[in-house]
>>> print(open('work36.txt').read())   # compact mmCIF, C-alpha atoms and all ligand atoms
# COMPACT_ATOMS: atom_id res chain seq x y z
CA MET A 260 139.49 51.08 117.98
CA ASP A 261 142.44 52.39 116.00
CA ARG A 262 143.61 50.92 112.75
CA LEU A 263 147.38 50.42 112.60
CA ALA A 264 149.41 50.38 109.38
CA ILE A 265 152.98 49.14 109.57
CA VAL A 266 154.83 50.55 106.55
CA VAL A 267 157.91 48.69 105.35
CA PRO A 268 160.08 49.88 102.44
CA CYS A 269 161.81 46.96 100.70
CA TYR A 270 164.62 46.99 98.20
CA ASN A 271 165.98 43.58 97.19
CA GLU A 272 164.82 42.03 100.43
CA GLU A 273 163.82 38.54 99.22
CA GLU A 274 165.96 36.87 101.87
CA VAL A 275 164.32 38.61 104.77
CA LEU A 276 160.79 39.36 103.59
CA GLY A 277 159.20 36.12 104.80
CA MET A 278 160.71 36.60 108.23
CA SER A 279 159.63 40.21 108.58
CA SER A 280 156.14 39.39 107.38
CA GLU A 281 155.88 36.71 110.05
CA ALA A 282 157.32 38.90 112.80
CA LEU A 283 155.08 41.85 111.95
CA ARG A 284 151.97 39.70 111.66
CA GLY A 285 152.86 38.39 115.09
CA VAL A 286 152.89 41.96 116.40
CA LEU A 287 149.51 42.69 114.80
CA ASP A 288 147.91 39.54 116.24
CA ASP A 289 149.30 40.31 119.66
CA LEU A 290 148.08 43.90 119.68
CA VAL A 291 144.67 42.92 118.32
CA ALA A 292 144.36 40.28 121.05
CA LYS A 293 145.23 42.93 123.65
CA LYS A 294 142.56 45.18 122.09
CA LYS A 295 145.06 47.95 121.44
CA ILE A 296 144.41 48.13 117.69
CA SER A 297 141.54 47.15 115.44
CA GLU A 298 141.30 43.85 113.58
CA ASP A 299 141.68 45.44 110.17
CA SER A 300 145.21 46.63 110.96
CA TYR A 301 147.78 45.63 108.37
CA VAL A 302 151.38 45.59 107.15
CA LEU A 303 152.06 47.58 103.99
CA PHE A 304 155.14 46.47 102.08
CA VAL A 305 156.47 49.01 99.59
CA ASN A 306 158.53 47.43 96.87
CA ASP A 307 161.10 50.03 95.87
CA GLY A 308 161.87 48.76 92.35
CA SER A 309 163.59 45.60 93.59
CA LYS A 310 165.51 43.56 91.06
CA ASP A 311 164.97 40.27 92.84
CA ARG A 312 161.79 38.37 93.82
CA THR A 313 160.70 40.79 96.53
CA TRP A 314 157.46 41.78 94.78
CA GLU A 315 156.51 38.17 93.96
CA LEU A 316 156.98 37.35 97.62
CA ILE A 317 154.80 40.29 98.67
CA GLU A 318 152.10 39.06 96.28
CA GLU A 319 152.36 35.56 97.74
CA GLU A 320 152.10 36.88 101.28
CA HIS A 321 149.09 38.98 100.29
CA ALA A 322 147.42 35.92 98.74
CA LYS A 323 148.01 33.99 101.96
CA TYR A 324 146.99 36.76 104.34
CA PRO A 325 144.82 39.13 102.30
CA GLY A 326 143.53 40.95 105.38
CA GLN A 327 146.90 41.56 106.97
CA ILE A 328 149.50 41.97 104.25
CA PHE A 329 149.13 44.78 101.72
CA GLY A 330 151.61 45.90 99.08
CA VAL A 331 152.56 48.88 96.96
CA LYS A 332 154.80 48.45 93.96
CA LEU A 333 156.76 51.51 92.90
CA ALA A 334 157.53 51.76 89.20
CA ARG A 335 161.26 52.04 89.80
CA ASN A 336 163.84 52.35 92.54
CA VAL A 337 163.46 55.76 94.15
CA GLY A 338 165.39 55.24 97.38
CA HIS A 339 164.44 54.56 100.95
CA GLN A 340 163.12 58.02 101.90
CA TYR A 341 160.78 58.29 98.93
CA ALA A 342 159.68 54.65 99.15
CA LEU A 343 158.78 55.19 102.78
CA THR A 344 156.92 58.40 101.96
CA ALA A 345 154.97 56.62 99.23
CA GLY A 346 153.97 53.99 101.76
CA LEU A 347 153.01 56.52 104.43
CA PHE A 348 150.90 58.57 102.04
CA THR A 349 149.19 55.44 100.74
CA ALA A 350 148.44 54.38 104.30
CA ALA A 351 147.40 57.87 105.47
CA SER A 352 143.82 57.56 104.24
CA MET A 353 143.42 54.00 105.51
CA CYS A 354 144.73 54.12 109.03
CA ASP A 355 144.63 55.91 112.36
CA ILE A 356 148.20 55.10 113.30
CA SER A 357 151.23 54.34 111.13
CA VAL A 358 154.52 52.78 112.15
CA SER A 359 157.43 52.82 109.72
CA ILE A 360 160.10 50.16 110.06
CA ASP A 361 162.88 48.67 107.91
CA ALA A 362 162.41 45.27 106.35
CA ASP A 363 165.55 43.79 107.87
CA LEU A 364 164.21 43.44 111.44
CA GLN A 365 167.13 45.42 112.88
CA ASP A 366 164.68 47.53 114.80
CA ASP A 367 162.98 45.79 117.67
CA VAL A 368 159.41 44.95 116.67
CA ALA A 369 158.54 44.41 120.34
CA VAL A 370 158.61 48.16 121.05
CA ILE A 371 155.79 48.80 118.56
CA GLU A 372 153.47 48.00 121.45
CA GLU A 373 155.13 50.71 123.57
CA MET A 374 154.73 53.13 120.69
CA VAL A 375 151.03 52.35 120.41
CA ASP A 376 150.67 52.81 124.18
CA LYS A 377 152.26 56.25 123.90
CA TYR A 378 149.85 57.05 121.09
CA HIS A 379 146.96 56.14 123.36
CA GLU A 380 148.47 58.49 125.93
CA GLY A 381 148.08 61.30 123.43
CA CYS A 382 151.34 61.35 121.45
CA GLU A 383 151.02 62.01 117.74
CA ILE A 384 154.62 61.07 116.94
CA VAL A 385 156.77 58.50 118.75
CA TYR A 386 160.43 58.07 117.83
CA GLY A 387 162.25 54.77 118.10
CA VAL A 388 165.70 55.55 119.48
CA ARG A 389 168.63 53.15 119.59
CA LYS A 390 170.11 52.68 123.03
CA GLU A 391 173.48 51.48 121.89
CA ARG A 392 175.08 50.52 118.67
CA LYS A 393 176.86 47.40 119.84
CA THR A 394 175.95 45.38 116.78
CA ASP A 395 177.02 48.00 114.26
CA THR A 396 180.54 47.91 112.90
CA PHE A 397 182.89 50.59 114.19
CA PHE A 398 182.76 52.27 110.81
CA LYS A 399 178.95 52.43 110.71
CA ARG A 400 178.78 53.66 114.28
CA PHE A 401 181.41 56.32 113.73
CA THR A 402 179.95 57.63 110.47
CA ALA A 403 176.40 57.61 111.81
CA GLN A 404 177.29 59.43 115.02
CA SER A 405 179.43 62.01 113.25
CA PHE A 406 176.45 62.56 110.99
CA TYR A 407 174.10 63.32 113.87
CA LYS A 408 176.67 65.68 115.38
CA LEU A 409 177.28 67.50 112.12
CA MET A 410 173.55 67.91 111.63
CA ALA A 411 173.26 69.47 115.07
CA LYS A 412 176.15 71.85 114.29
CA MET A 413 174.43 72.88 111.10
CA GLY A 414 171.30 73.75 113.04
CA VAL A 415 169.14 70.89 111.76
CA LYS A 416 166.95 69.49 114.51
CA THR A 417 167.02 65.71 114.47
CA VAL A 418 166.48 63.12 117.16
CA TYR A 419 169.86 61.64 118.13
CA ASN A 420 170.23 57.97 117.19
CA HIS A 421 166.79 57.80 115.66
CA ALA A 422 166.51 56.38 112.16
CA ASP A 423 163.19 55.92 110.40
CA PHE A 424 161.52 53.68 112.95
CA ARG A 425 158.68 55.81 114.24
CA LEU A 426 154.99 56.02 114.90
CA MET A 427 152.97 58.77 113.28
CA SER A 428 149.28 59.29 113.81
CA ALA A 429 146.99 59.93 110.85
CA ARG A 430 146.85 63.51 112.04
CA ALA A 431 150.62 63.90 111.92
CA LEU A 432 150.60 62.25 108.48
CA ASN A 433 148.06 64.80 107.25
CA GLU A 434 150.29 67.64 108.37
CA PHE A 435 153.29 65.90 106.83
CA GLU A 436 151.46 65.91 103.49
CA ASN A 437 151.71 69.70 103.51
CA TYR A 438 155.48 69.53 103.15
CA HIS A 439 155.72 69.53 99.39
CA GLU A 440 159.47 69.75 98.97
CA TYR A 441 161.06 67.37 96.53
CA ASN A 442 164.25 66.63 98.49
CA LEU A 443 162.93 64.63 101.36
CA PHE A 444 164.84 64.05 104.53
CA LEU A 445 162.23 62.58 106.83
CA ARG A 446 164.30 62.72 110.00
CA GLY A 447 164.49 66.48 109.59
CA ILE A 448 160.90 67.12 108.55
CA VAL A 449 159.07 65.05 111.13
CA PRO A 450 160.40 67.10 114.09
CA LEU A 451 159.13 70.23 112.31
CA ILE A 452 155.56 68.96 112.47
CA GLY A 453 155.30 69.41 116.21
CA PHE A 454 152.49 68.00 118.43
CA LYS A 455 153.07 65.90 121.50
CA THR A 456 155.96 63.52 120.85
CA ASP A 457 157.92 60.97 122.81
CA CYS A 458 160.67 58.39 122.37
CA VAL A 459 160.92 54.67 123.04
CA TYR A 460 164.31 53.01 123.42
CA TYR A 461 165.53 49.72 122.04
CA ASP A 462 168.67 47.79 121.16
CA ARG A 463 169.37 47.62 117.48
CA LYS A 464 169.97 44.10 116.29
CA GLU A 465 171.91 42.72 113.39
CA ARG A 466 170.26 42.40 110.04
CA ALA A 467 168.13 39.23 110.04
CA ALA A 468 169.32 38.26 106.54
CA GLY A 469 170.74 39.81 103.40
CA VAL A 470 173.17 42.72 103.23
CA SER A 471 172.82 46.44 103.88
CA LYS A 472 171.20 48.38 101.06
CA TYR A 473 172.90 51.55 102.26
CA PRO A 474 176.44 51.60 100.91
CA LEU A 475 178.73 54.51 101.83
CA LYS A 476 177.76 56.39 98.70
CA LYS A 477 174.06 56.37 99.63
CA MET A 478 174.87 57.32 103.23
CA LEU A 479 176.89 60.33 102.12
CA ALA A 480 174.12 61.35 99.73
CA LEU A 481 171.62 61.12 102.59
CA ALA A 482 173.87 63.20 104.84
CA PHE A 483 174.33 65.86 102.20
CA ASP A 484 170.62 65.89 101.48
CA GLY A 485 169.89 66.27 105.15
CA ILE A 486 172.14 69.29 105.52
CA SER A 487 171.41 71.00 102.24
CA SER A 488 167.65 70.59 102.64
CA PHE A 489 167.50 72.19 106.05
CA SER A 490 170.38 74.47 106.60
CA THR A 491 171.76 77.57 104.94
CA ARG A 492 174.54 77.68 107.48
CA PRO A 493 177.26 76.78 104.92
CA ILE A 494 176.45 80.11 103.24
CA ASP A 495 176.90 81.92 106.53
CA LEU A 496 180.29 80.25 106.82
CA ILE A 497 181.38 81.71 103.48
CA LEU A 498 180.16 85.13 104.52
CA THR A 499 182.10 84.90 107.76
CA MET A 500 185.20 83.79 105.86
CA GLY A 501 184.85 86.81 103.58
CA ILE A 502 184.64 89.19 106.49
CA GLY A 503 187.62 87.41 108.07
CA CYS A 504 189.67 87.82 104.90
CA ILE A 505 188.93 91.53 104.67
CA PHE A 506 189.98 91.92 108.28
CA LEU A 507 193.20 90.03 107.49
CA SER A 508 193.74 92.28 104.51
CA VAL A 509 193.90 95.27 106.86
CA ILE A 510 196.62 93.48 108.85
CA ALA A 511 198.39 92.58 105.60
CA LEU A 512 198.14 96.21 104.59
CA ILE A 513 199.79 97.43 107.77
CA TYR A 514 202.42 94.69 107.63
CA ALA A 515 203.22 95.34 103.96
CA LEU A 516 203.43 99.10 104.45
CA VAL A 517 205.68 98.75 107.50
CA SER A 518 207.92 96.34 105.57
CA TYR A 519 207.93 98.72 102.60
CA PHE A 520 209.07 101.69 104.62
CA CYS A 521 211.28 100.04 107.22
CA THR A 522 213.02 97.21 105.40
CA GLU A 523 215.35 97.69 102.54
CA ASP A 524 215.09 94.47 100.57
CA VAL A 525 211.36 94.40 99.84
CA ALA A 526 210.86 93.15 96.28
CA ARG A 527 209.30 95.66 93.94
CA GLY A 528 205.58 95.20 93.51
CA TRP A 529 205.23 92.86 96.51
CA THR A 530 203.50 95.42 98.72
CA SER A 531 200.72 96.27 96.29
CA LEU A 532 200.38 92.62 95.31
CA ILE A 533 199.99 91.27 98.83
CA ILE A 534 197.45 93.94 99.77
CA SER A 535 195.40 93.33 96.63
CA ILE A 536 195.38 89.55 97.04
CA TRP A 537 193.98 89.65 100.57
CA PHE A 538 191.59 92.48 99.97
CA LEU A 539 190.19 91.21 96.68
CA GLY A 540 190.00 87.64 97.98
CA GLY A 541 188.00 88.85 100.96
CA LEU A 542 185.78 91.03 98.83
CA GLN A 543 185.01 88.13 96.51
CA LEU A 544 184.12 85.79 99.35
CA LEU A 545 181.96 88.48 100.89
CA ALA A 546 180.15 89.04 97.60
CA ILE A 547 179.60 85.30 97.08
CA GLY A 548 178.33 84.98 100.62
CA LEU A 549 175.96 87.89 100.12
CA VAL A 550 174.56 86.47 96.89
CA GLY A 551 174.36 83.14 98.71
CA LYS A 552 172.20 84.75 101.38
CA TYR A 553 169.62 85.69 98.75
CA VAL A 554 169.84 82.27 97.10
CA GLY A 555 169.36 80.71 100.54
CA LYS A 556 166.27 82.83 101.16
CA THR A 557 164.85 81.91 97.76
CA TYR A 558 165.54 78.28 98.52
CA ILE A 559 163.63 78.45 101.79
CA GLU A 560 160.77 80.27 100.03
CA VAL A 561 160.36 77.78 97.19
CA LYS A 562 159.95 74.93 99.63
CA HIS A 563 156.58 76.42 100.66
CA ARG A 564 156.77 74.73 104.00
CA PRO A 565 153.78 75.32 106.25
CA ARG A 566 154.51 78.18 108.63
CA TYR A 567 152.64 76.50 111.47
CA ASN A 568 150.52 73.49 112.30
CA ILE A 569 147.54 73.98 114.57
CA GLU A 570 147.04 71.52 117.37
CA LYS A 571 143.86 72.82 118.97
CA VAL A 572 141.49 75.74 118.60
CA LEU A 573 139.30 76.94 121.44
CA THR A 574 136.26 78.90 120.33
CA ASN A 575 132.57 78.96 121.05
CA ASP A 576 131.91 77.85 117.49
CA ALA A 577 130.84 74.19 117.47
CA SER A 578 131.94 73.70 113.85
CA GLN A 579 135.59 74.17 114.88
CA ASP A 580 135.60 71.05 116.93
N1 LIG A 601 165.66 50.52 101.04
C1 LIG A 601 164.78 50.97 100.05
N2 LIG A 601 165.29 51.51 98.90
C2 LIG A 601 166.65 51.65 98.70
C3 LIG A 601 167.52 51.22 99.74
C4 LIG A 601 166.99 50.66 100.89
O1 LIG A 601 163.57 50.87 100.19
O2 LIG A 601 167.04 52.15 97.65
C5 LIG A 601 165.09 49.93 102.27
C6 LIG A 601 165.63 48.55 102.63
O3 LIG A 601 164.93 47.53 101.98
C7 LIG A 601 165.42 48.51 104.14
C8 LIG A 601 165.58 49.97 104.54
O4 LIG A 601 165.45 50.75 103.35
O5 LIG A 601 164.11 48.10 104.48
C9 LIG A 601 166.90 50.27 105.21
O6 LIG A 601 167.97 49.76 104.46
P1 LIG A 601 169.17 48.93 105.12
O7 LIG A 601 168.67 48.09 106.22
O8 LIG A 601 169.90 48.23 104.03
O9 LIG A 601 170.07 50.11 105.68
P2 LIG A 601 171.01 50.06 106.98
O10 LIG A 601 170.20 49.50 108.10
O11 LIG A 601 172.15 49.21 106.62
O12 LIG A 601 171.39 51.49 107.19
MG MG A 602 169.09 47.94 108.14
>>> encode(input="work36.txt", output="structure tokens")
Amino acid sequence: MDRLAIVVPCYNEEEVLGMSSEALRGVLDDLVAKKKISEDSYVLFVNDGSKDRTWELIEEEHAKYPGQIFGVKLARNVGHQYALTAGLFTAASMCDISVSIDADLQDDVAVIEEMVDKYHEGCEIVYGVRKERKTDTFFKRFTAQSFYKLMAKMGVKTVYNHADFRLMSARALNEFENYHEYNLFLRGIVPLIGFKTDCVYYDRKERAAGVSKYPLKKMLALAFDGISSFSTRPIDLILTMGIGCIFLSVIALIYALVSYFCTEDVARGWTSLIISIWFLGGLQLLAIGLVGKYVGKTYIEVKHRPRYNIEKVLTNDASQD
């Protein structure tokens, strides 16, 4: 039987922690009763340097349900992505399946069962995808959807309308551990891992209690991190602009020369000036873009991402199995 770890990052979540603990324990009990997971499955709360009583509450829950509620206390606030990673890596050696979910119960805990079913069907990663965003404010919906679209334009593969509610098998977690980059954008890395994946769909609810811990500033930082950690396309844009400017400079050259020879009231010095501005501007952009290309390559190299992950090997060597 497979051991399930539900990993929950928490930052100042004292208002909602009791509720999520209860809801998630309910899920565990239900799945254990249905014999879909083993009895030693657990919920792992990661306290991300909360300033309120979140950690005390986790300790209390652990004292009450020592077999079901585990906790990790980070030494300071490191942000959602890192807190979640800390939890996943802690769980990796003590589980067969992990499910990551936010503490605020916005994601539907009922679909965890569907995720586990998909795992039993052979999926290593199962994404929780929001059907609609009825409960989000217009602003949140608009910014979030523009974000997914921009990511796609920049060539970053993400799953549309999927946040960090997902199942990962221990195997997928082990591969994930090979991504050593510092700037972590999980929604971009997980699709790189590969293996058989699937999605489950759910309606996102309102926060059970408390307020969002993702103000606009953090959202923008996440968006920028997502793009700058995965895409060197902005550099290509500069390069294209440079080439465009040089092309325009040829037109400016023709235009300026025609004006110089055919019109009488061309100011002195204008012709040479206008040609130089366009040409030099273009040349500079081109040069920056070119240097950027090398910087981009270096950037990709220093990440040391795995080039491939192996799913299966067929040989006649028994030790490979
Ligand atoms: N969170 C965290 N560290 C932070 C900010 C948020 O661990 O610095 C957690 C938070 O406790 C919650 C999850 O990340 O479990 C998602 O945050 P929230 O629900 O506030 O974001 P929203 O749903 O509004 O985007
Ligand atoms: Mg939330």
>>> closest_residue(input="work36.txt", among="A:Phe454, A:Leu343, A:Met410, A:Ile384", to="Glu570 (chain A)", atoms="all atoms listed in the file")
A:Phe454
>>> atom_distance(input="work36.txt", atom1="CA of His379 (chain A)", atom2="CA of Arg430 (chain A)")
13.5 Å
>>> closest_atom_pairs(input="work36.txt", of="chain A", to="ligand MG 602 (chain A)", cutoff="7 Å", atoms="all atoms listed in the file", output="tab-separated table")
residue	atom	partner	partner_atom	distance
A:Asp361	CA	A:MG602	MG	6.3
A:Asp363	CA	A:MG602	MG	5.5
A:Gln365	CA	A:MG602	MG	5.7
A:Arg466	CA	A:MG602	MG	6.0
A:Ser471	CA	A:MG602	MG	5.9
>>> write_last_selection(input="work36.txt", atoms="C-alpha atoms", output="compact mmCIF listing (two decimals), in the frame of the given file")
# COMPACT_ATOMS: atom_id res chain seq x y z
CA ASP A 361 162.88 48.67 107.91
CA ASP A 363 165.55 43.79 107.87
CA GLN A 365 167.13 45.42 112.88
CA ARG A 466 170.26 42.40 110.04
CA SER A 471 172.82 46.44 103.88
>>> residues_near_ligand(input="work36.txt", ligand="ligand LIG 601 (chain A)", cutoff="9 Å", atoms="all atoms listed in the file", output="number ranges by chain")
A: 267-272, 305-309, 336-343, 360-366, 399, 422-423, 465-466, 469-474, 477-478
>>> write_last_selection(input="work36.txt", atoms="C-alpha atoms", output="compact mmCIF listing (two decimals), keeping the file's coordinate frame")
# COMPACT_ATOMS: atom_id res chain seq x y z
CA VAL A 267 157.91 48.69 105.35
CA PRO A 268 160.08 49.88 102.44
CA CYS A 269 161.81 46.96 100.70
CA TYR A 270 164.62 46.99 98.20
CA ASN A 271 165.98 43.58 97.19
CA GLU A 272 164.82 42.03 100.43
CA VAL A 305 156.47 49.01 99.59
CA ASN A 306 158.53 47.43 96.87
CA ASP A 307 161.10 50.03 95.87
CA GLY A 308 161.87 48.76 92.35
CA SER A 309 163.59 45.60 93.59
CA ASN A 336 163.84 52.35 92.54
CA VAL A 337 163.46 55.76 94.15
CA GLY A 338 165.39 55.24 97.38
CA HIS A 339 164.44 54.56 100.95
CA GLN A 340 163.12 58.02 101.90
CA TYR A 341 160.78 58.29 98.93
CA ALA A 342 159.68 54.65 99.15
CA LEU A 343 158.78 55.19 102.78
CA ILE A 360 160.10 50.16 110.06
CA ASP A 361 162.88 48.67 107.91
CA ALA A 362 162.41 45.27 106.35
CA ASP A 363 165.55 43.79 107.87
CA LEU A 364 164.21 43.44 111.44
CA GLN A 365 167.13 45.42 112.88
CA ASP A 366 164.68 47.53 114.80
CA LYS A 399 178.95 52.43 110.71
CA ALA A 422 166.51 56.38 112.16
CA ASP A 423 163.19 55.92 110.40
CA GLU A 465 171.91 42.72 113.39
CA ARG A 466 170.26 42.40 110.04
CA GLY A 469 170.74 39.81 103.40
CA VAL A 470 173.17 42.72 103.23
CA SER A 471 172.82 46.44 103.88
CA LYS A 472 171.20 48.38 101.06
CA TYR A 473 172.90 51.55 102.26
CA PRO A 474 176.44 51.60 100.91
CA LYS A 477 174.06 56.37 99.63
CA MET A 478 174.87 57.32 103.23
>>> closest_residue(input="work36.txt", among="A:Arg389, A:Arg492, A:Arg425, A:Lys412", to="Leu347 (chain A)", atoms="only C-alpha atoms")
A:Arg425
>>> residues_around(input="work36.txt", residues="Phe506 (chain A)", least_positions_apart="6", cutoff="10 Å", atoms="only C-alpha atoms", output="ChimeraX atom specification")
/A:500,512,537-538,541
>>> closest_residue(input="work36.txt", among="A:Ile547, A:Ala526, A:Leu481, A:Leu432", to="Thr499 (chain A)", atoms="all atoms listed in the file")
A:Ile547
>>> atom_distance(input="work36.txt", atom1="CA of Val385 (chain A)", atom2="CA of Glu372 (chain A)")
11.3 Å
>>> atom_distance(input="work36.txt", atom1="CA of Met278 (chain A)", atom2="CA of Lys390 (chain A)")
23.8 Å
>>> residues_around(input="work36.txt", residues="Cys504 (chain A)", least_positions_apart="6", cutoff="10 Å", atoms="only C-alpha atoms", output="ChimeraX atom specification")
/A:498,510-511,536-545
>>> write_last_selection(input="work36.txt", atoms="C-alpha atoms", output="PDB file, in the coordinates of the input")
ATOM      1  CA  LEU A 498     180.160  85.130 104.520  1.00  0.00           C
ATOM      2  CA  ILE A 510     196.620  93.480 108.850  1.00  0.00           C
ATOM      3  CA  ALA A 511     198.390  92.580 105.600  1.00  0.00           C
ATOM      4  CA  ILE A 536     195.380  89.550  97.040  1.00  0.00           C
ATOM      5  CA  TRP A 537     193.980  89.650 100.570  1.00  0.00           C
ATOM      6  CA  PHE A 538     191.590  92.480  99.970  1.00  0.00           C
ATOM      7  CA  LEU A 539     190.190  91.210  96.680  1.00  0.00           C
ATOM      8  CA  GLY A 540     190.000  87.640  97.980  1.00  0.00           C
ATOM      9  CA  GLY A 541     188.000  88.850 100.960  1.00  0.00           C
ATOM     10  CA  LEU A 542     185.780  91.030  98.830  1.00  0.00           C
ATOM     11  CA  GLN A 543     185.010  88.130  96.510  1.00  0.00           C
ATOM     12  CA  LEU A 544     184.120  85.790  99.350  1.00  0.00           C
ATOM     13  CA  LEU A 545     181.960  88.480 100.890  1.00  0.00           C
TER      14      LEU A 545
END
>>> residues_around(input="work36.txt", residues="Tyr378 (chain A)", least_positions_apart="3", cutoff="9 Å", atoms="all atoms listed in the file", output="list in words")
Ile356, Glu373, Met374, Val375, Gly381, Cys382, Glu383, Ile384, Val385, Leu426, Met427, Ser428 and Thr456 of chain A
